[in-house]
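Participant: I'd like to ask some things about the structure below.
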Amino acid sequence: MPEKRDSFWKRLLYKYRLSILNEDTFNEIWHTRLSRMSVFVLLTFSFFLTLGIYSLLIFYTPIRNILPGYSESIRQRLVEETVRVDSLSTTLSVQTQYLSVIRDIMAGEVKSDTVQSLDSLQIVQREQLLQKAKSEATEEFMAQYEAKEKDNLQLFDVQQVTPVVAFFRPAHGVIEEHYLPENKQFGVAIKTPANENATAVLPGTVLLVEYQINNTYMMVIQHSDYLSVYRNLDKPLKRVGDVVKEGESIAITSNAELMYFELWRRGETVNPEEVIVF
């Protein structure tokens, strides 16, 4: 058994002569001595060297893109980067529009407020008339009740009178399209003059400023019980979270589109023409 093992190692380490001869003259040009062990080591080293070179090429060159399964991750990354670029572009556009409006206002090219004192006077007068009518009706009712139940008058709760809400008009202009909920028209479309200011109808907080597909902006303002929606605005003057007062300018209307205005109360639409003097 030891002799067979020794003979195996002798055959493995036995050296052979590898020569390169000139075919015409049979002169030896080059020769080397190789054993089976050296050939095995050389082939193993060549294998691992080739494997290392291919690994470097796959990890550090575009060849990896043709590997199965890797292109899916590349495609997903491209989609994520595209969405991120679109979001940054939208944010940059909004910031640019905002700075442009501020620059125009400082240069005096845009009126900072278009609410006229006549609107406020008309609304205040209407509110006083309504309150006067309600108070007269209440006093008349109380007088009749006291006269009828003079002997056995007892304490009772008087129903609270609903407070009157005075709205400012959302913008100066002419109503081109009226409120038609049966035709999915939940607001009014107003034709405004050039560079007209859209104004807040009530005190509230800006909930949404969104860029629309028709190159205009939509703004939503939350009031105490109401929600006002402005569409087709050209340049917003307020940002999300800003607190606005009634009659305060919130945006510049578009010259190419009709300004669309909606009014909602507790999830139901309200006809703006019934509560606002246009």
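Identifiers in this document derive from the order of the structure tokens: chains are assigned A, B, ..., residues are numbered from 1 separately in each chain, and ligands are numbered from 1 in order of occurrence.
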I need the alpha helix (DSSP H) residues of segment 30-105 of chain A per DSSP on the backbone, written as a VMD selection string.
Facilitator: chain A and resid 36 to 60 70 to 105
Participant: Neighbouring residues of segment 171-187 of chain A were defined as those with any atom within 7 Å, considering only C-alpha atoms; residues of the same chain fewer than 2 positions away were excluded. Please report them as a CSV table (one decimal) with N, CA and C atoms, in the first residue's frame.
Facilitator:
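Output file result_8.csv follows:
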chain,number,residue,atom,x,y,z
A,169,ARG,N,-67.4,88.5,-2.1
A,169,ARG,CA,-67.4,87.8,-3.4
A,169,ARG,C,-66.0,87.3,-3.7
A,189,ALA,N,-68.9,79.6,-12.7
A,189,ALA,CA,-67.7,80.0,-13.5
A,189,ALA,C,-67.8,81.5,-13.7
A,190,ILE,N,-66.8,82.2,-13.3
A,190,ILE,CA,-66.8,83.7,-13.3
A,190,ILE,C,-65.8,84.2,-14.4
A,191,LYS,N,-66.2,85.1,-15.2
A,191,LYS,CA,-65.3,85.8,-16.2
A,191,LYS,C,-64.8,87.0,-15.5
A,192,THR,N,-63.5,87.0,-15.2
A,192,THR,CA,-62.9,88.1,-14.5
A,192,THR,C,-62.0,89.0,-15.4
A,193,PRO,N,-61.8,90.2,-15.0
A,193,PRO,CA,-60.9,91.1,-15.8
A,193,PRO,C,-59.4,90.6,-15.7
A,197,ASN,N,-57.7,89.9,-8.7
A,197,ASN,CA,-57.4,89.2,-7.5
A,197,ASN,C,-58.6,88.3,-7.1
A,198,ALA,N,-58.3,87.0,-6.8
A,198,ALA,CA,-59.3,86.2,-6.1
A,198,ALA,C,-59.2,86.4,-4.6
A,199,THR,N,-60.3,86.5,-3.9
A,199,THR,CA,-60.3,86.8,-2.5
A,199,THR,C,-61.0,85.8,-1.7
A,260,TYR,N,-63.4,79.1,-11.6
A,260,TYR,CA,-64.5,78.3,-11.1
A,260,TYR,C,-64.5,78.3,-9.6
A,261,PHE,N,-65.6,78.6,-9.0
A,261,PHE,CA,-65.7,78.7,-7.5
A,261,PHE,C,-66.8,77.8,-7.0
A,262,GLU,N,-66.5,77.0,-6.0
A,262,GLU,CA,-67.4,76.1,-5.3
A,262,GLU,C,-67.5,76.5,-3.8
A,263,LEU,N,-68.7,76.2,-3.2
A,263,LEU,CA,-68.9,76.4,-1.8
A,263,LEU,C,-69.5,75.2,-1.2
A,269,THR,N,-73.0,70.7,-1.2
A,269,THR,CA,-72.8,71.8,-2.0
A,269,THR,C,-73.8,72.9,-1.7
A,271,ASN,N,-75.3,76.7,-3.3
A,271,ASN,CA,-75.3,77.6,-4.5
A,271,ASN,C,-74.7,78.9,-4.1
A,272,PRO,N,-73.5,79.3,-4.6
A,272,PRO,CA,-72.9,80.6,-4.2
A,272,PRO,C,-73.7,81.8,-4.5
Participant: Enumerate, as a list in words, the complete set of residues in segment 205-238 of chain A that a backbone-based DSSP assignment places in strand (DSSP E).
Facilitator: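 The residues of segment 205-238 of chain A classed as strand (DSSP E) are Thr205, Val206, Leu207, Leu208, Val209, Glu210, Tyr211, Tyr217, Met218, Met219, Val220, Ile221, Gln222, Tyr226, Leu227, Ser228, Val229, Tyr230, Arg231, Asn232, Leu233, Asp234, Lys235 and Pro236 of chain A.
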Participant: Write the selection just made, keeping C-alpha atoms, as a short mmCIF file (atom, residue, chain, number, x, y, z; two decimals), in the first residue's frame?
Facilitator:
data_model
loop_
_atom_site.label_atom_id
_atom_site.label_comp_id
_atom_site.auth_asym_id
_atom_site.auth_seq_id
_atom_site.Cartn_x
_atom_site.Cartn_y
_atom_site.Cartn_z
CA THR A 205 -56.94 78.41 6.59
CA VAL A 206 -55.48 77.34 3.24
CA LEU A 207 -55.75 73.53 3.00
CA LEU A 208 -54.50 72.88 -0.54
CA VAL A 209 -52.59 74.61 -3.33
CA GLU A 210 -52.28 72.23 -6.27
CA TYR A 211 -50.95 72.60 -9.82
CA TYR A 217 -53.76 76.19 -9.82
CA MET A 218 -56.52 74.98 -7.52
CA MET A 219 -56.84 76.34 -3.97
CA VAL A 220 -59.02 75.02 -1.14
CA ILE A 221 -59.73 77.08 2.02
CA GLN A 222 -61.30 75.68 5.20
CA TYR A 226 -67.74 76.07 5.01
CA LEU A 227 -65.17 74.91 2.46
CA SER A 228 -64.39 77.12 -0.54
CA VAL A 229 -62.76 75.80 -3.72
CA TYR A 230 -61.08 78.04 -6.32
CA ARG A 231 -60.02 76.62 -9.70
CA ASN A 232 -58.20 77.99 -12.76
CA LEU A 233 -55.97 80.36 -10.79
CA ASP A 234 -52.88 81.76 -12.47
CA LYS A 235 -50.60 82.71 -9.56
CA PRO A 236 -51.20 81.69 -5.94
#
Participant: For atom CA of Asn195 of chain A and atom CA of Ile252 of chain A, quote the distance in Å rounded to one decimal.
Facilitator: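 Separation of atom CA of Asn195 of chain A and atom CA of Ile252 of chain A: 5.9 Å.
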Participant: Determine, counting only C-alpha atoms, which protein, DNA and RNA residues have an atom within 12 Å of an atom of segment 28-32 of chain A; residues of the same chain fewer than 5 positions away are not included. Present the result as a compact mmCIF listing (two decimals) with C-alpha atoms, in the first residue's frame.
Facilitator:
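This went into part-v7.txt:
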# COMPACT_ATOMS: atom_id res chain seq x y z
CA LYS A 15 8.40 16.08 -15.04
CA TYR A 16 7.85 16.02 -18.77
CA ARG A 17 9.63 18.08 -21.37
CA LEU A 18 7.45 20.36 -23.51
CA SER A 19 9.31 21.55 -26.61
CA ILE A 20 8.47 23.78 -29.57
CA LEU A 21 10.32 22.74 -32.79
CA ASN A 22 10.78 24.32 -36.18
CA GLU A 23 8.88 22.08 -38.57
CA SER A 38 2.37 21.94 -12.07
CA VAL A 39 -0.17 21.60 -14.89
Participant: Would you mind listing what lies within 9 Å of Tyr98 of chain A as an NGL selection string, with only C-alpha atoms counted and same-chain residues fewer than 5 positions away left out?
Facilitator: :A and (93 or 103 or 235-239)
Participant: Let me see the file: selected residues, C-alpha atoms, as an mmCIF file, in the first residue's frame.
Facilitator:
data_model
loop_
_atom_site.group_PDB
_atom_site.id
_atom_site.type_symbol
_atom_site.label_atom_id
_atom_site.label_comp_id
_atom_site.auth_asym_id
_atom_site.auth_seq_id
_atom_site.Cartn_x
_atom_site.Cartn_y
_atom_site.Cartn_z
ATOM 1 C CA SER A 93 -42.610 75.571 -10.410
ATOM 2 C CA ARG A 103 -41.737 90.431 -7.364
ATOM 3 C CA LYS A 235 -50.597 82.710 -9.562
ATOM 4 C CA PRO A 236 -51.204 81.694 -5.943
ATOM 5 C CA LEU A 237 -50.441 84.313 -3.294
ATOM 6 C CA LYS A 238 -50.839 81.980 -0.313
ATOM 7 C CA ARG A 239 -49.320 78.684 0.724
#
Participant: State, in Å with one decimal place, the distance from atom CA of Ile53 of chain A to atom CA of Arg33 of chain A.
Facilitator: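 Computing the Euclidean distance for atom CA of Ile53 of chain A and atom CA of Arg33 of chain A yields 28.1 Å.
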Participant: Atom CA of Asn255 of chain A and atom CA of Ala107 of chain A, how far apart in Å?
Facilitator: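 Computing the Euclidean distance for atom CA of Ala107 of chain A and atom CA of Asn255 of chain A yields 20.3 Å.
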Participant: Ranking A:Val83, A:Val165, A:Met37, A:Val101 by minimum distance to Asp225 of chain A and counting only C-alpha atoms, which one comes first?
Facilitator: A:Val165
